[in-house]
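Engineer: One structure, pasted below without further comment.
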Amino acid sequence: MDSITTAASVVAAGLAVGLGAIGPGIGQGSAAQGAVEGIARQPEAEGKIRGTLLLSFAFMESLTIYGLVVALVLLFANPFAG
Amino acid sequence: MGTLPFVFPFAELEVGQHLYWQLGNLRLHGQVFMTSWIVIGALLALVVVGTRKMERDPKGVQNLLEFLWDYIRDLARTQIGEKAYRDWMPFIGTLFLFIFVSNWGGALVPWRLIKLPSGELGAPTADINTTVALALLVSLSYFYAGLSRKGLRYFEYYVHPTPIMLPFKIVEDFTKPLSLSFRLFGNILADELVVAVLVFLVPLVLPVPVMFLGLFTSAIQALIFATLAAYYIGEAVEEHH
């Protein structure tokens, strides 16, 4: 692999995870806000809220994981390595 | 590229390195097959032990199996619906148990103690081929579920509220297996990578809570995979009015 491809791949891998973390971060923040408000309003529903919250967290997290998969492909299985 | 530049006594991360088995023109990832067979064997043994000498008041393994059965039945019933869930409960349960035991087996068993000529044993679900195969199985089964229950009327689903939805629904058929497989593969591999990087930076104490977090996410991913599979099947067998 020539050095320019390596450099571009490493930068792109960093950007893929970093930029991919922004959206889910915001989403998880607002989901947690909703959950906390729900618990404050109705403390007896805490168990149910926690379960749903964790499940939806996992869905949001998988968006960053897609970025991570792209980053891993760039680092370990680069199709442009030639 | 290939190996990350560090060594850890229990799990060396070798992304992209495999123990290859040659079968005709196919190159198989041997370590994935070995761990899959171990997982399948463990599950079969558990079920055989649990269903031998069954009693009215469940004890021990039988109790665990009945709890799992209840759990899977509730999962399938809420997603697929009262009418069709019985047909699909075994499939959903198999998916859930296989993925769950694979994920936890990959994290809890010190596979590094078994030496392989190349590659390493680990969670079968950390290999993209396993997750793609599982996701494609889910695709096939929701098509089969829809077609066998509703015949050609299944394709009404594609134009259900309005025909404008047609292209989106067709694209969805491709994105469903893609996101299912990438989600599982990425999460499991990410867990292993995060632990490995932390062990490289701070070899003591600090990785332990992250390992527990990894166990937790692995369990949730198994649940999500099974829930989504059941949801897709439920979407296919649902009757529109």
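Labels used: A, B, ... for chains in the order of the structure tokens, numbers from 1 for residues in each chain, and numbers from 1 for ligands as shown.
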Please provide as JSON, numbers by chain all residues within 12 Å of Glu37 (chain A), with the sequence filter that same-chain residues fewer than 6 positions apart are discarded (counting only C-alpha atoms).

Structural biologist: {"A": [30, 31, 43, 45, 46, 49]}

Engineer: Check which residues of chain A sit at most 6 Å from chain B using only C-alpha atoms, and return one row each with the closest pair of atoms and their distance in Å to one decimal, ordered by chain and rising number, as a tab-separated table.

Structural biologist:
```
residue	atom	partner	partner_atom	distance
A:Ser62	CA	B:Arg183	CA	5.5
A:Ile65	CA	B:Gly186	CA	5.5
A:Val69	CA	B:Gly186	CA	5.8
A:Phe76	CA	B:Gly2	CA	5.7
```

Engineer: Quick one: pull the distance between CA of Ile80 (chain B) and CA of Thr227 (chain B), Å, one decimal.

Structural biologist: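 These atoms are spaced 9.6 Å apart.
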
Engineer: Pick out each residue of region 1-240 of chain B that DSSP on the backbone tags as strand (DSSP E); I need them as a list in words.

Structural biologist: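 After running DSSP on the backbone, region 1-240 of chain B has strand (DSSP E) at Tyr20, Trp21, Gln22, Leu23, Leu26, Arg27, Leu28 and His29 of chain B.
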
Engineer: Okay, now the selection with N, CA and C atoms, as an mmCIF file, in the first residue's frame?

Structural biologist:
```cif
data_model
loop_
_atom_site.group_PDB
_atom_site.id
_atom_site.type_symbol
_atom_site.label_atom_id
_atom_site.label_comp_id
_atom_site.auth_asym_id
_atom_site.auth_seq_id
_atom_site.Cartn_x
_atom_site.Cartn_y
_atom_site.Cartn_z
ATOM 1 N N TYR B 20 -7.561 -21.465 7.773
ATOM 2 C CA TYR B 20 -8.320 -21.803 6.573
ATOM 3 C C TYR B 20 -8.442 -23.304 6.397
ATOM 4 N N TRP B 21 -9.661 -23.750 6.068
ATOM 5 C CA TRP B 21 -9.885 -25.133 5.649
ATOM 6 C C TRP B 21 -10.268 -25.084 4.193
ATOM 7 N N GLN B 22 -9.668 -25.972 3.410
ATOM 8 C CA GLN B 22 -9.981 -25.994 1.984
ATOM 9 C C GLN B 22 -11.012 -27.082 1.720
ATOM 10 N N LEU B 23 -12.131 -26.717 1.096
ATOM 11 C CA LEU B 23 -13.173 -27.701 0.772
ATOM 12 C C LEU B 23 -13.550 -27.460 -0.672
ATOM 13 N N LEU B 26 -13.864 -23.925 -1.980
ATOM 14 C CA LEU B 26 -14.223 -23.005 -0.908
ATOM 15 C C LEU B 26 -13.106 -22.927 0.120
ATOM 16 N N ARG B 27 -12.874 -21.721 0.611
ATOM 17 C CA ARG B 27 -11.951 -21.559 1.731
ATOM 18 C C ARG B 27 -12.775 -21.227 2.962
ATOM 19 N N LEU B 28 -12.778 -22.116 3.926
ATOM 20 C CA LEU B 28 -13.621 -21.928 5.102
ATOM 21 C C LEU B 28 -12.780 -21.377 6.247
ATOM 22 N N HIS B 29 -13.437 -20.574 7.088
ATOM 23 C CA HIS B 29 -12.770 -20.081 8.295
ATOM 24 C C HIS B 29 -12.938 -21.134 9.386
#
```

Engineer: Which of these, A:Gln28, A:Gln42, A:Asn78, A:Thr64, has the shortest distance to Val10 (chain A) once you count only C-alpha atoms?

Structural biologist: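 Answer, going by the shortest atom-to-atom distance: A:Asn78.
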
Engineer: Find the spatial neighbours of Ala7 (chain A), counting only C-alpha atoms, within a cut-off of 12 Å - ignore same-chain residues fewer than 5 positions away - and output them as a ChimeraX atom specification.

Structural biologist: /A:1-2,12-14,74-75,81

Engineer: CA of Gly146 (chain B) and CA of Ala236 (chain B), how far apart in Å?

Structural biologist: 4.7 Å

Engineer: What's the separation between CA of Arg149 (chain B) and CA of Pro90 (chain B), in Å to one decimal place?

Structural biologist: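 That distance, rounded to one decimal, is 17.3 Å.
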
Engineer: With distances taken over only C-alpha atoms, which residue among B:Leu147, B:Leu44, B:Leu108, B:Ala230 lies nearest Ala123 (chain B)?

Structural biologist: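 Residue with the minimum atom-to-atom distance to Ala123 (chain B): B:Leu108.
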
Engineer: Nearest residue to Leu65 (chain B) out of B:Gly214, B:Ile40, B:Leu46, B:Glu82, using only C-alpha atoms?

Structural biologist: B:Leu46

Engineer: Could you pull the residues within 10 Å of Glu61 (chain A), counting only C-alpha atoms, minus those fewer than 4 positions along the same chain, as JSON, numbers by chain?

Structural biologist: {"A": [20, 21, 23, 24, 25, 27, 28, 55, 56, 57, 65, 66], "B": [183, 187]}

Engineer: Have a look at B:Phe225, B:Leu134, B:Lys150, B:Phe168 and name the one nearest to Phe59 (chain A); count only C-alpha atoms.

Structural biologist: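 Checking each candidate against Phe59 (chain A), we get B:Phe225 as the closest.
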
Engineer: Taking the chain letters and numbering used in this document, name the residues of region 7-125 of chain B that DSSP puts in alpha helix (DSSP H), as a PyMOL selection string.

Structural biologist: chain B and resi 30-51+60-80+85-108

Engineer: Determine, counting only C-alpha atoms, which protein, DNA and RNA residues have an atom within 10 Å of an atom of region 124-126 of chain B; residues of the same chain fewer than 5 positions away are not included. Present the result as a PyMOL selection string.

Structural biologist: chain B and resi 15+31-37+39+98-103+105-106+131-132+134+181+184-192

Engineer: Ala84 (chain B): which residues within 12 Å, counting only C-alpha atoms, same-chain residues fewer than 3 positions away excluded, as a PyMOL selection string?

Structural biologist: chain B and resi 73+76-81+87-89+142+145-146+148-150+230-231+233-239
